[in-house]
>>> print(open('entry.txt').read())   # compact mmCIF, C-alpha atoms and all ligand atoms
# COMPACT_ATOMS: atom_id res chain seq x y z
CA MET A 25 0.00 0.00 0.00
CA GLN A 26 1.40 3.42 -0.97
CA ILE A 27 0.42 6.48 1.07
CA THR A 28 1.75 9.89 -0.01
CA PHE A 29 1.88 13.05 2.08
CA ASN A 30 3.01 16.49 0.95
CA ASN A 31 4.09 18.59 3.88
CA ASN A 32 6.53 18.25 6.79
CA LYS A 33 3.89 17.63 9.39
CA MET A 34 2.61 14.86 7.18
CA LYS A 35 6.14 13.48 6.82
CA SER A 36 6.55 12.98 10.53
CA LYS A 37 3.09 11.42 10.59
CA LYS A 38 4.21 9.13 7.81
CA THR A 39 7.21 8.00 9.87
CA THR A 40 4.95 7.40 12.86
CA ILE A 41 2.60 5.34 10.75
CA ARG A 42 5.54 3.31 9.39
CA ILE A 43 6.79 2.61 12.88
CA LEU A 44 3.31 1.62 13.93
CA LEU A 45 2.86 -0.69 10.94
CA PHE A 46 6.27 -2.24 11.59
CA THR A 47 5.39 -2.79 15.24
CA VAL A 48 2.10 -4.41 14.26
CA PHE A 49 4.00 -6.61 11.79
CA LEU A 50 6.49 -7.66 14.46
CA LEU A 51 3.74 -8.44 16.92
CA THR A 52 1.57 -10.39 14.53
CA SER A 53 4.47 -12.25 12.94
CA SER A 54 5.53 -13.72 16.25
CA ILE A 55 2.07 -14.50 17.56
CA GLY A 56 -0.36 -16.94 16.03
CA PHE A 57 -2.20 -16.28 12.86
CA SER A 58 0.28 -14.77 10.43
CA GLN A 59 3.06 -17.24 11.14
CA LYS A 60 4.09 -18.90 7.89
CA PRO A 61 3.78 -22.66 7.79
CA GLY A 62 7.09 -24.47 7.51
CA ILE A 63 9.72 -26.06 9.68
CA VAL A 64 10.22 -24.87 13.24
CA ILE A 65 12.90 -26.21 15.55
CA ILE A 66 12.35 -25.78 19.27
CA LYS A 67 15.45 -26.07 21.43
CA ALA A 68 14.34 -27.18 24.87
CA GLY A 69 16.66 -26.97 27.88
CA LYS A 70 14.47 -29.57 29.56
CA MET A 71 11.52 -31.47 28.18
CA LEU A 72 9.06 -33.52 30.17
CA ASP A 73 8.23 -36.78 28.46
CA THR A 74 4.75 -37.33 29.87
CA GLU A 75 4.53 -40.86 28.44
CA THR A 76 7.52 -42.21 30.39
CA GLY A 77 7.46 -39.62 33.17
CA THR A 78 11.06 -38.58 32.60
CA MET A 79 12.61 -35.16 32.38
CA LEU A 80 15.00 -35.03 29.43
CA ASN A 81 17.81 -32.51 28.86
CA ASN A 82 18.71 -30.55 25.73
CA ILE A 83 16.03 -31.79 23.41
CA MET A 84 15.25 -30.55 19.92
CA ILE A 85 11.71 -30.73 18.60
CA MET A 86 11.04 -30.42 14.90
CA VAL A 87 7.62 -29.10 13.97
CA GLU A 88 6.30 -29.13 10.44
CA ASN A 89 3.17 -27.08 9.94
CA GLU A 90 0.96 -28.28 12.81
CA ILE A 91 2.59 -31.63 13.56
CA ILE A 92 5.62 -32.79 15.56
CA ARG A 93 7.96 -34.53 13.08
CA GLU A 94 11.00 -35.37 15.18
CA VAL A 95 12.13 -35.30 18.79
CA GLY A 96 15.78 -35.91 19.67
CA THR A 97 19.05 -34.64 21.01
CA ASN A 98 20.65 -33.82 17.70
CA ILE A 99 18.29 -33.16 14.84
CA PRO A 100 19.92 -31.71 11.68
CA ILE A 101 18.44 -28.23 11.18
CA PRO A 102 17.01 -27.81 7.68
CA SER A 103 17.88 -24.52 5.98
CA GLY A 104 15.21 -21.89 6.39
CA ALA A 105 13.91 -23.43 9.60
CA ILE A 106 12.73 -21.05 12.28
CA ILE A 107 14.54 -21.65 15.58
CA ILE A 108 12.73 -21.08 18.84
CA ASP A 109 15.25 -21.02 21.64
CA LEU A 110 13.81 -22.34 24.89
CA SER A 111 17.15 -23.67 26.10
CA ASP A 112 16.75 -21.96 29.47
CA ALA A 113 13.23 -23.30 30.01
CA THR A 114 11.24 -26.46 30.68
CA VAL A 115 9.05 -27.56 27.81
CA LEU A 116 5.90 -29.64 28.24
CA PRO A 117 2.99 -30.72 26.09
CA GLY A 118 0.02 -28.34 26.06
CA LEU A 119 -2.18 -28.89 29.10
CA ILE A 120 -5.70 -30.32 28.95
CA ASP A 121 -8.62 -29.33 31.17
CA CYS A 122 -11.37 -31.98 31.00
CA HIS A 123 -14.01 -29.84 32.69
CA THR A 124 -14.52 -26.22 31.71
CA HIS A 125 -17.50 -24.00 31.01
CA ILE A 126 -15.66 -21.85 28.54
CA THR A 127 -18.67 -19.80 27.43
CA PHE A 128 -19.52 -18.66 30.95
CA GLN A 129 -17.82 -17.02 33.91
CA SER A 130 -19.41 -16.42 37.27
CA GLY A 131 -20.24 -12.89 38.33
CA ASP A 132 -22.98 -11.07 40.19
CA ASN A 133 -25.65 -13.73 40.58
CA TYR A 134 -28.68 -11.54 39.91
CA TYR A 135 -27.11 -9.94 36.86
CA GLU A 136 -26.01 -13.29 35.44
CA MET A 137 -29.47 -14.81 35.99
CA PHE A 138 -31.74 -12.04 34.81
CA ARG A 139 -29.92 -9.44 32.79
CA LYS A 140 -27.95 -11.40 30.26
CA SER A 141 -28.86 -12.75 26.88
CA ILE A 142 -27.03 -15.30 24.81
CA VAL A 143 -25.47 -12.37 22.94
CA ASP A 144 -23.70 -11.24 26.12
CA TYR A 145 -22.30 -14.72 26.55
CA ALA A 146 -21.27 -14.91 22.91
CA LEU A 147 -19.38 -11.62 23.12
CA LEU A 148 -17.30 -12.71 26.07
CA ALA A 149 -16.63 -16.35 25.20
CA PRO A 150 -13.71 -15.59 22.82
CA GLN A 151 -11.95 -13.74 25.64
CA TYR A 152 -12.35 -16.76 27.93
CA ALA A 153 -10.98 -19.00 25.18
CA LYS A 154 -7.97 -16.72 24.74
CA ASN A 155 -7.29 -16.60 28.48
CA THR A 156 -7.46 -20.39 28.66
CA LEU A 157 -5.05 -20.86 25.76
CA GLU A 158 -2.61 -18.29 27.11
CA ALA A 159 -2.58 -20.12 30.45
CA GLY A 160 -1.12 -23.11 28.58
CA PHE A 161 -4.33 -25.10 28.16
CA THR A 162 -4.34 -26.04 24.50
CA THR A 163 -7.25 -28.48 24.82
CA VAL A 164 -10.43 -28.48 26.88
CA ARG A 165 -13.49 -30.66 27.19
CA ASP A 166 -16.36 -28.27 27.70
CA ALA A 167 -18.95 -29.54 30.12
CA GLY A 168 -22.06 -27.73 28.99
CA SER A 169 -23.13 -24.52 27.35
CA LYS A 170 -26.28 -22.78 26.24
CA ASN A 171 -27.47 -22.46 22.64
CA PHE A 172 -24.53 -24.50 21.33
CA LEU A 173 -22.21 -21.61 22.00
CA ASP A 174 -19.40 -24.06 22.79
CA VAL A 175 -19.92 -25.66 19.39
CA ALA A 176 -19.79 -22.24 17.69
CA LEU A 177 -16.69 -21.28 19.64
CA ARG A 178 -15.01 -24.57 18.73
CA ASN A 179 -15.80 -24.02 15.07
CA ALA A 180 -14.48 -20.45 15.07
CA ILE A 181 -11.25 -21.62 16.74
CA ASN A 182 -10.85 -24.60 14.43
CA SER A 183 -11.20 -22.40 11.38
CA ASN A 184 -8.49 -20.06 12.74
CA LYS A 185 -10.85 -17.11 13.11
CA ILE A 186 -10.07 -16.60 16.78
CA PRO A 187 -7.45 -17.91 19.20
CA GLY A 188 -8.45 -20.59 21.68
CA PRO A 189 -7.87 -24.16 22.77
CA ARG A 190 -9.06 -27.25 20.95
CA ILE A 191 -12.55 -27.83 22.30
CA GLN A 192 -14.57 -30.99 22.79
CA ALA A 193 -18.04 -29.56 23.17
CA ALA A 194 -20.91 -31.12 25.12
CA GLY A 195 -23.67 -28.74 23.99
CA TYR A 196 -26.51 -28.77 26.51
CA TYR A 197 -26.03 -30.34 29.92
CA ILE A 198 -28.71 -33.05 30.07
CA SER A 199 -30.67 -32.71 33.30
CA SER A 200 -33.90 -33.91 34.87
CA THR A 201 -36.66 -31.39 35.56
CA GLY A 202 -35.67 -29.53 38.71
CA GLY A 203 -32.17 -30.97 38.44
CA HIS A 204 -28.78 -29.30 38.59
CA GLY A 205 -28.99 -28.31 34.93
CA ASP A 206 -32.49 -26.83 35.23
CA LEU A 207 -33.31 -23.41 36.68
CA VAL A 208 -34.35 -24.17 40.24
CA GLY A 209 -35.50 -22.14 43.21
CA PHE A 210 -37.73 -19.62 41.43
CA SER A 211 -41.44 -19.00 41.32
CA PRO A 212 -43.33 -21.21 38.86
CA MET A 213 -44.89 -17.96 37.60
CA LEU A 214 -41.55 -17.12 36.00
CA GLY A 215 -41.63 -20.24 33.87
CA THR A 216 -38.31 -21.29 32.40
CA ARG A 217 -35.96 -18.80 30.80
CA GLU A 218 -35.67 -20.56 27.49
CA PRO A 219 -38.25 -22.51 25.55
CA GLU A 220 -38.06 -26.13 26.80
CA GLU A 221 -36.72 -27.36 23.47
CA MET A 222 -33.71 -25.06 23.85
CA THR A 223 -32.59 -26.51 27.18
CA GLY A 224 -31.02 -29.80 28.19
CA VAL A 225 -33.97 -30.70 30.42
CA ALA A 226 -35.44 -34.14 29.70
CA ASP A 227 -37.20 -36.85 31.70
CA GLY A 228 -37.76 -40.49 30.87
CA VAL A 229 -35.83 -42.92 28.74
CA ASP A 230 -37.18 -41.74 25.38
CA ALA A 231 -36.79 -38.06 26.15
CA VAL A 232 -33.20 -38.38 27.35
CA ARG A 233 -32.33 -40.36 24.25
CA GLN A 234 -33.88 -37.59 22.18
CA LYS A 235 -31.76 -34.99 24.01
CA VAL A 236 -28.61 -36.91 23.21
CA ARG A 237 -29.62 -36.93 19.55
CA PHE A 238 -30.52 -33.25 19.68
CA ASN A 239 -27.07 -32.40 21.07
CA ILE A 240 -25.30 -34.50 18.48
CA LYS A 241 -27.43 -33.10 15.67
CA TYR A 242 -26.17 -29.61 16.48
CA GLY A 243 -22.53 -30.52 16.86
CA ALA A 244 -21.78 -32.00 20.30
CA ASP A 245 -18.63 -34.12 20.46
CA VAL A 246 -19.39 -35.60 23.84
CA ILE A 247 -22.41 -36.00 26.13
CA LYS A 248 -22.68 -34.57 29.64
CA PHE A 249 -25.50 -35.29 32.06
CA GLY A 250 -26.36 -34.66 35.67
CA ALA A 251 -26.39 -37.86 37.70
CA SER A 252 -26.79 -36.05 41.00
CA ALA A 253 -27.71 -32.72 42.48
CA GLY A 254 -25.07 -30.04 42.83
CA VAL A 255 -23.79 -27.03 44.69
CA LEU A 256 -24.42 -23.98 42.55
CA SER A 257 -28.09 -24.71 41.94
CA GLU A 258 -30.86 -24.38 44.45
CA GLU A 259 -31.96 -27.95 45.09
CA GLU A 260 -31.83 -28.94 48.72
CA SER A 261 -29.43 -31.81 48.34
CA VAL A 262 -25.92 -31.84 46.86
CA GLY A 263 -25.78 -35.54 46.22
CA ALA A 264 -29.21 -37.06 45.59
CA PRO A 265 -29.52 -38.93 42.29
CA GLN A 266 -31.46 -36.98 39.67
CA TYR A 267 -31.94 -39.68 37.08
CA THR A 268 -33.01 -43.30 37.46
CA GLN A 269 -30.61 -46.08 36.53
CA GLU A 270 -32.67 -46.68 33.37
CA GLU A 271 -32.37 -43.03 32.31
CA MET A 272 -28.60 -42.98 32.89
CA ASN A 273 -28.22 -46.26 30.99
CA ALA A 274 -30.23 -44.80 28.12
CA ILE A 275 -28.09 -41.63 27.92
CA VAL A 276 -24.81 -43.53 27.85
CA ASP A 277 -26.12 -46.17 25.46
CA GLU A 278 -27.50 -43.58 23.05
CA ALA A 279 -24.25 -41.62 23.16
CA LYS A 280 -22.29 -44.81 22.38
CA MET A 281 -24.59 -45.58 19.48
CA TRP A 282 -23.55 -42.26 17.94
CA GLY A 283 -19.87 -42.84 18.71
CA ARG A 284 -19.74 -40.43 21.64
CA LYS A 285 -18.49 -40.82 25.20
CA ALA A 286 -20.70 -39.69 28.06
CA PHE A 287 -19.65 -38.18 31.36
CA ALA A 288 -21.60 -37.43 34.50
CA HIS A 289 -21.77 -34.64 37.03
CA ALA A 290 -22.01 -36.64 40.28
CA HIS A 291 -21.32 -35.51 43.83
CA GLY A 292 -23.48 -38.14 45.53
CA THR A 293 -22.41 -41.58 46.75
CA GLU A 294 -25.20 -43.51 45.01
CA ALA A 295 -25.30 -41.34 41.91
CA ILE A 296 -21.59 -41.95 41.30
CA LYS A 297 -22.12 -45.71 41.34
CA MET A 298 -25.18 -45.47 39.12
CA ALA A 299 -23.26 -43.41 36.56
CA VAL A 300 -20.34 -45.84 36.59
CA LYS A 301 -22.75 -48.78 36.14
CA ALA A 302 -24.32 -46.95 33.22
CA GLY A 303 -20.88 -46.85 31.56
CA VAL A 304 -19.68 -43.25 31.74
CA ALA A 305 -16.13 -42.39 30.74
CA SER A 306 -15.66 -40.10 33.72
CA VAL A 307 -17.26 -39.01 36.95
CA GLU A 308 -17.09 -35.26 37.62
CA HIS A 309 -16.68 -33.84 41.14
CA GLY A 310 -17.01 -37.24 42.87
CA SER A 311 -17.27 -35.49 46.23
CA LEU A 312 -19.08 -38.09 48.32
CA ILE A 313 -17.60 -41.22 46.78
CA ASP A 314 -17.27 -44.22 49.14
CA ASP A 315 -14.96 -47.25 49.07
CA GLU A 316 -17.38 -49.23 46.95
CA GLY A 317 -17.57 -46.38 44.42
CA ILE A 318 -13.79 -46.14 44.36
CA ALA A 319 -13.47 -49.87 43.73
CA LEU A 320 -16.10 -49.74 41.01
CA MET A 321 -14.41 -46.85 39.22
CA LYS A 322 -11.07 -48.60 39.39
CA LYS A 323 -12.49 -51.87 38.09
CA ASN A 324 -14.22 -50.15 35.18
CA GLY A 325 -11.30 -47.83 34.33
CA VAL A 326 -13.50 -44.77 34.85
CA CYS A 327 -11.66 -41.47 35.32
CA LEU A 328 -12.26 -39.19 38.25
CA VAL A 329 -12.32 -35.53 37.25
CA ALA A 330 -12.43 -33.64 40.54
CA ASP A 331 -12.53 -29.84 40.69
CA ILE A 332 -10.66 -29.60 43.96
CA TYR A 333 -9.55 -25.96 43.67
CA ASN A 334 -13.14 -24.67 43.33
CA ASP A 335 -14.02 -24.72 47.03
CA ASP A 336 -11.55 -21.96 47.95
CA TYR A 337 -12.91 -19.63 45.29
CA ILE A 338 -16.58 -20.32 46.00
CA VAL A 339 -16.24 -19.82 49.74
CA SER A 340 -14.32 -16.57 49.36
CA GLU A 341 -16.19 -14.99 46.41
CA PHE A 342 -19.72 -16.31 45.99
CA ILE A 343 -21.33 -14.48 48.91
CA LYS A 344 -20.00 -11.21 47.48
CA MET A 345 -21.56 -12.15 44.15
CA GLY A 346 -24.95 -12.48 45.81
CA TYR A 347 -25.32 -16.25 45.85
CA PRO A 348 -27.76 -17.50 48.49
CA GLU A 349 -26.46 -18.64 51.89
CA THR A 350 -27.96 -22.05 51.21
CA THR A 351 -25.61 -22.50 48.25
CA ILE A 352 -22.57 -21.57 50.30
CA ALA A 353 -23.78 -23.96 53.01
CA LYS A 354 -23.90 -26.74 50.41
CA GLU A 355 -20.34 -25.90 49.35
CA LYS A 356 -19.18 -26.08 52.94
CA LYS A 357 -20.76 -29.52 53.19
CA VAL A 358 -18.72 -30.97 50.33
CA GLY A 359 -15.56 -28.84 49.96
CA LEU A 360 -13.27 -30.60 52.40
CA ILE A 361 -14.74 -34.06 52.07
CA GLN A 362 -14.32 -33.88 48.29
CA ARG A 363 -10.59 -33.28 48.77
CA GLN A 364 -10.27 -36.07 51.32
CA ASN A 365 -12.11 -38.47 49.06
CA PHE A 366 -10.00 -37.39 46.11
CA GLN A 367 -6.93 -38.37 48.13
CA LYS A 368 -8.49 -41.76 48.92
CA ALA A 369 -9.23 -42.34 45.26
CA VAL A 370 -5.67 -41.37 44.27
CA ARG A 371 -4.23 -43.75 46.85
CA ALA A 372 -6.52 -46.54 45.68
CA GLY A 373 -5.25 -46.08 42.12
CA VAL A 374 -8.34 -44.61 40.44
CA LYS A 375 -7.37 -43.02 37.14
CA ILE A 376 -7.36 -39.24 37.53
CA ALA A 377 -7.86 -36.73 34.73
CA PHE A 378 -7.40 -33.01 35.31
CA GLY A 379 -10.60 -30.94 35.28
CA THR A 380 -11.31 -27.68 37.04
CA ASP A 381 -14.85 -26.44 36.32
CA ALA A 382 -13.21 -23.17 35.16
CA GLY A 383 -15.95 -20.64 34.63
CA VAL A 384 -16.91 -21.05 38.26
CA TYR A 385 -13.65 -19.12 38.69
CA PRO A 386 -11.92 -16.99 36.07
CA HIS A 387 -10.77 -18.66 32.87
CA GLY A 388 -7.00 -18.72 32.71
CA TRP A 389 -6.65 -19.71 36.34
CA ASN A 390 -6.95 -23.39 35.41
CA GLY A 391 -3.36 -24.10 36.48
CA ASN A 392 -4.15 -23.13 40.09
CA GLN A 393 -5.51 -26.61 40.65
CA PHE A 394 -2.17 -28.42 40.25
CA SER A 395 -0.92 -27.52 43.72
CA PHE A 396 -4.20 -28.72 45.25
CA MET A 397 -3.85 -32.07 43.50
CA VAL A 398 -0.34 -32.35 44.90
CA LYS A 399 -1.44 -31.30 48.37
CA TRP A 400 -4.15 -33.97 48.23
CA GLY A 401 -2.12 -37.02 47.33
CA MET A 402 -0.52 -36.79 43.89
CA THR A 403 3.10 -36.26 42.94
CA PRO A 404 3.71 -33.28 40.65
CA LEU A 405 4.41 -35.75 37.84
CA GLN A 406 1.09 -37.53 38.41
CA ALA A 407 -0.77 -34.22 38.44
CA ILE A 408 0.87 -33.21 35.16
CA GLN A 409 0.12 -36.61 33.64
CA ALA A 410 -3.51 -36.17 34.73
CA ALA A 411 -3.55 -32.99 32.61
CA THR A 412 -1.76 -34.53 29.64
CA ILE A 413 -1.71 -38.24 28.85
CA ASN A 414 -4.60 -39.27 31.11
CA ALA A 415 -6.71 -36.40 29.85
CA SER A 416 -5.97 -37.13 26.20
CA ASP A 417 -6.94 -40.75 26.79
CA LEU A 418 -10.20 -39.72 28.41
CA LEU A 419 -11.02 -37.49 25.47
CA GLY A 420 -10.21 -40.27 23.01
CA TRP A 421 -7.45 -38.04 21.60
CA LYS A 422 -4.42 -40.13 22.65
CA GLU A 423 -3.05 -40.08 19.13
CA LYS A 424 -3.38 -36.30 18.83
CA VAL A 425 -2.38 -34.56 22.07
CA GLY A 426 -1.03 -35.16 25.58
CA SER A 427 2.68 -35.67 24.89
CA ILE A 428 5.47 -34.27 22.75
CA SER A 429 5.65 -37.21 20.39
CA VAL A 430 6.14 -37.67 16.67
CA GLY A 431 2.87 -37.43 14.76
CA LYS A 432 0.95 -35.50 17.42
CA TYR A 433 -0.16 -31.89 17.19
CA ALA A 434 2.59 -29.43 18.07
CA ASP A 435 0.84 -28.23 21.22
CA ILE A 436 3.80 -27.18 23.31
CA ILE A 437 4.23 -24.91 26.33
CA ALA A 438 7.19 -23.67 28.34
CA VAL A 439 7.80 -22.52 31.90
CA HIS A 440 10.78 -21.22 33.87
CA GLY A 441 12.05 -23.71 36.44
CA ASP A 442 11.17 -27.32 37.09
CA PRO A 443 7.47 -28.08 37.69
CA LEU A 444 8.43 -31.49 39.08
CA ASN A 445 10.01 -29.65 42.02
CA ASP A 446 7.39 -26.94 42.29
CA VAL A 447 4.12 -27.54 40.48
CA THR A 448 2.92 -23.94 41.02
CA ILE A 449 5.31 -23.04 38.21
CA LEU A 450 2.51 -24.19 35.91
CA GLU A 451 0.49 -21.15 36.99
CA ASN A 452 2.92 -19.04 34.92
CA VAL A 453 3.25 -20.44 31.44
CA PHE A 454 5.25 -18.00 29.31
CA PHE A 455 5.26 -19.79 25.97
CA VAL A 456 2.29 -21.37 24.19
CA MET A 457 2.31 -23.06 20.81
CA LYS A 458 -0.82 -24.73 19.48
CA GLY A 459 -0.80 -26.66 16.23
CA GLY A 460 2.65 -25.26 15.42
CA LYS A 461 1.61 -21.62 15.86
CA VAL A 462 2.97 -19.49 18.66
CA PHE A 463 0.21 -17.75 20.62
CA LYS A 464 2.31 -16.48 23.50
CA ASN A 465 6.02 -15.88 24.01
CA GLN A 466 6.67 -13.61 26.97
CA LYS A 467 10.16 -14.56 28.07
N1 LIG B 1 -20.50 -27.01 39.26
C1 LIG B 1 -20.33 -27.65 40.52
C2 LIG B 1 -21.66 -27.70 41.25
O1 LIG B 1 -22.35 -26.71 41.23
C3 LIG B 1 -19.34 -26.92 41.35
C4 LIG B 1 -18.99 -27.59 42.62
C5 LIG B 1 -17.92 -26.85 43.28
N2 LIG B 1 -17.59 -27.33 44.57
C6 LIG B 1 -16.67 -28.23 44.83
N3 LIG B 1 -16.41 -28.51 46.05
N4 LIG B 1 -16.03 -28.82 43.89
O2 LIG B 1 -22.01 -28.68 41.81
>>> encode(input="entry.txt", output="structure tokens")
Amino acid sequence: MQITFNNNKMKSKKTTIRILLFTVFLLTSSIGFSQKPGIVIIKAGKMLDTETGTMLNNIMIMVENEIIREVGTNIPIPSGAIIIDLSDATVLPGLIDCHTHITFQSGDNYYEMFRKSIVDYALLAPQYAKNTLEAGFTTVRDAGSKNFLDVALRNAINSNKIPGPRIQAAGYYISSTGGHGDLVGFSPMLGTREPEEMTGVADGVDAVRQKVRFNIKYGADVIKFGASAGVLSEEESVGAPQYTQEEMNAIVDEAKMWGRKAFAHAHGTEAIKMAVKAGVASVEHGSLIDDEGIALMKKNGVCLVADIYNDDYIVSEFIKMGYPETTIAKEKKVGLIQRQNFQKAVRAGVKIAFGTDAGVYPHGWNGNQFSFMVKWGMTPLQAIQAATINASDLLGWKEKVGSISVGKYADIIAVHGDPLNDVTILENVFFVMKGGKVFKNQK
């Protein structure tokens, strides 16, 4: 583009514009979208091999377009390759959060309930996606969203329109009438906020099967349902089952028929067992699990995805946001016991996948949960593996993500220091590459 100016004032403006354009070029060329495809060599001072659990020194990673082509100590550098020098850092595979609500973030309860439309949510979701990605989470499984906003967000990210993590979207959370996924606690004169057909509310075997089909029809990758009551909804109980065994069986069976995994929100002792018997891939929260539930999960290879950071945030912030005392009381009932039971499950050898329920607290804080997982029974390596290889396995994406291995997506992050010594280091990820593109590099 040629711009001409004809006086001195204009000349200095012209220089300013050039500097500005150059700055914009520099910024965009190092971050994300405008990066040319080709060969990139990452020089890693340390690299965590999440498959074997070993920390390797002085590793080179060759990335071609979006895929990892070679990993080794001495890769010949092809001419024209871009070198990314992370020789003073620790490099890990992109992290995976198996339980987010990426289209929502908690705020003033009244405002969130009554003032917002789907447009408000849609405007903010890209920011949440960006925050998540920049925190080093290159993949998430989203555990429920309104109006298929998670599907739309996934599609926009996949077509490179906006930055964000890879998303497995659940669409609507399938819930019984009056259940955790319904709007509870209000006058029947208010009716429901959305027309029934644009909610995840369904009762009875045929209706829940129809909801699974409805979700899949509009783009869901995975099916989420509420096996028990919950905390941040106004039912009395936290743990009572909210579907019959037959309904849970029908949801999981229907999902399988369409090639989808199903996962269940379940705090309650019985509800956890019912969900496992129905064949879910993972149990979310798992707060009141007992020994029998632990044994059943272990036997069936079902993952526990426990949001054990959440309690701190809810107890400190949710009263200020205007949530009812009864909700906070419910949180206080399960917060500590959830952590204790998580520790029991870890010790018993239940497979753990990392999942935070981000959206209850701000997106981008996902990494805060690592230190809680370590405090409650895991080694730093186990916690990291929960957020990489275990998570990729749960998502059915073992061949794509979860380790820095040949043939997988080049989803690569870097931190200063050794997260195996201090896992809180993962709260400060300074480098993020997703699919071979650099989205953050703040050395
Ligand atoms: N979405 C969950 C629910 O409302 C959040 C539970 C948070 N509390 C906890 N201790 N993990 O049930």
>>> axis_aligned_box(input="entry.txt", around="ligand LIG 1 (chain B)", padding_each_side="3 Å", output="lines of an AutoDock Vina configuration file")
center_x = -19.2
center_y = -27.8
center_z = 42.7
size_x = 12.3
size_y = 8.1
size_z = 12.8
>>> residues_around(input="entry.txt", residues="range 159-173 of chain A", least_positions_apart="4", cutoff="7 Å", atoms="all atoms listed in the file", output="tab-separated table (two decimals) with C-alpha atoms, keeping the file's coordinate frame")
chain	number	residue	atom	x	y	z
A	118	GLY	CA	0.02	-28.34	26.06
A	119	LEU	CA	-2.18	-28.89	29.10
A	120	ILE	CA	-5.70	-30.32	28.95
A	121	ASP	CA	-8.62	-29.33	31.17
A	122	CYS	CA	-11.37	-31.98	31.00
A	123	HIS	CA	-14.01	-29.84	32.69
A	124	THR	CA	-14.52	-26.22	31.71
A	125	HIS	CA	-17.50	-24.00	31.01
A	126	ILE	CA	-15.66	-21.85	28.54
A	127	THR	CA	-18.67	-19.80	27.43
A	146	ALA	CA	-21.27	-14.91	22.91
A	155	ASN	CA	-7.29	-16.60	28.48
A	177	LEU	CA	-16.69	-21.28	19.64
A	189	PRO	CA	-7.87	-24.16	22.77
A	190	ARG	CA	-9.06	-27.25	20.95
A	191	ILE	CA	-12.55	-27.83	22.30
A	192	GLN	CA	-14.57	-30.99	22.79
A	193	ALA	CA	-18.04	-29.56	23.17
A	194	ALA	CA	-20.91	-31.12	25.12
A	195	GLY	CA	-23.67	-28.74	23.99
A	196	TYR	CA	-26.51	-28.77	26.51
A	197	TYR	CA	-26.03	-30.34	29.92
A	222	MET	CA	-33.71	-25.06	23.85
A	248	LYS	CA	-22.68	-34.57	29.64
A	388	GLY	CA	-7.00	-18.72	32.71
A	435	ASP	CA	0.84	-28.23	21.22
A	437	ILE	CA	4.23	-24.91	26.33
A	453	VAL	CA	3.25	-20.44	31.44
A	456	VAL	CA	2.29	-21.37	24.19
A	458	LYS	CA	-0.82	-24.73	19.48
>>> residues_near_ligand(input="entry.txt", ligand="ligand LIG 1 (chain B)", cutoff="10 Å", atoms="all atoms listed in the file", output="ChimeraX atom specification")
/A:123-125,167,204-205,250,252-258,262-263,289-291,308-311,330-339,351-352,354-363,380-385
>>> residues_around(input="entry.txt", residues="Phe138 in chain A", least_positions_apart="3", cutoff="12 Å", atoms="all atoms listed in the file", output="PDB file with C-alpha atoms, in the coordinates of the input")
ATOM      1  CA  ASP A 132     -22.980 -11.070  40.190  1.00  0.00           C
ATOM      2  CA  ASN A 133     -25.650 -13.730  40.580  1.00  0.00           C
ATOM      3  CA  TYR A 134     -28.680 -11.540  39.910  1.00  0.00           C
ATOM      4  CA  TYR A 135     -27.110  -9.940  36.860  1.00  0.00           C
ATOM      5  CA  SER A 141     -28.860 -12.750  26.880  1.00  0.00           C
ATOM      6  CA  ILE A 142     -27.030 -15.300  24.810  1.00  0.00           C
ATOM      7  CA  ASP A 144     -23.700 -11.240  26.120  1.00  0.00           C
ATOM      8  CA  LEU A 207     -33.310 -23.410  36.680  1.00  0.00           C
ATOM      9  CA  PHE A 210     -37.730 -19.620  41.430  1.00  0.00           C
ATOM     10  CA  LEU A 214     -41.550 -17.120  36.000  1.00  0.00           C
ATOM     11  CA  THR A 216     -38.310 -21.290  32.400  1.00  0.00           C
ATOM     12  CA  ARG A 217     -35.960 -18.800  30.800  1.00  0.00           C
ATOM     13  CA  GLU A 218     -35.670 -20.560  27.490  1.00  0.00           C
TER      14      GLU A 218
END
>>> atom_distance(input="entry.txt", atom1="CA of Ile101 in chain A", atom2="CA of Lys432 in chain A")
19.9 Å
>>> closest_residue(input="entry.txt", among="A:Glu136, A:Pro187, A:Ala353, A:Asp315", to="Lys154 in chain A", atoms="only C-alpha atoms")
A:Pro187
>>> closest_residue(input="entry.txt", among="A:Asp442, A:Ile449, A:Glu75, A:Lys399", to="Lys422 in chain A", atoms="only C-alpha atoms")
A:Glu75
>>> closest_residue(input="entry.txt", among="A:Ile85, A:Val398, A:Lys297, A:Gln269", to="Lys70 in chain A", atoms="only C-alpha atoms")
A:Ile85
>>> residues_around(input="entry.txt", residues="His440 in chain A", least_positions_apart="5", cutoff="9 Å", atoms="only C-alpha atoms", output="PDB file with C-alpha atoms, in the frame of the given file")
ATOM      1  CA  ASP A 112      16.750 -21.960  29.470  1.00  0.00           C
ATOM      2  CA  ALA A 113      13.230 -23.300  30.010  1.00  0.00           C
ATOM      3  CA  THR A 114      11.240 -26.460  30.680  1.00  0.00           C
ATOM      4  CA  VAL A 115       9.050 -27.560  27.810  1.00  0.00           C
ATOM      5  CA  ILE A 449       5.310 -23.040  38.210  1.00  0.00           C
ATOM      6  CA  ASN A 452       2.920 -19.040  34.920  1.00  0.00           C
ATOM      7  CA  VAL A 453       3.250 -20.440  31.440  1.00  0.00           C
ATOM      8  CA  PHE A 454       5.250 -18.000  29.310  1.00  0.00           C
ATOM      9  CA  LYS A 467      10.160 -14.560  28.070  1.00  0.00           C
TER      10      LYS A 467
END
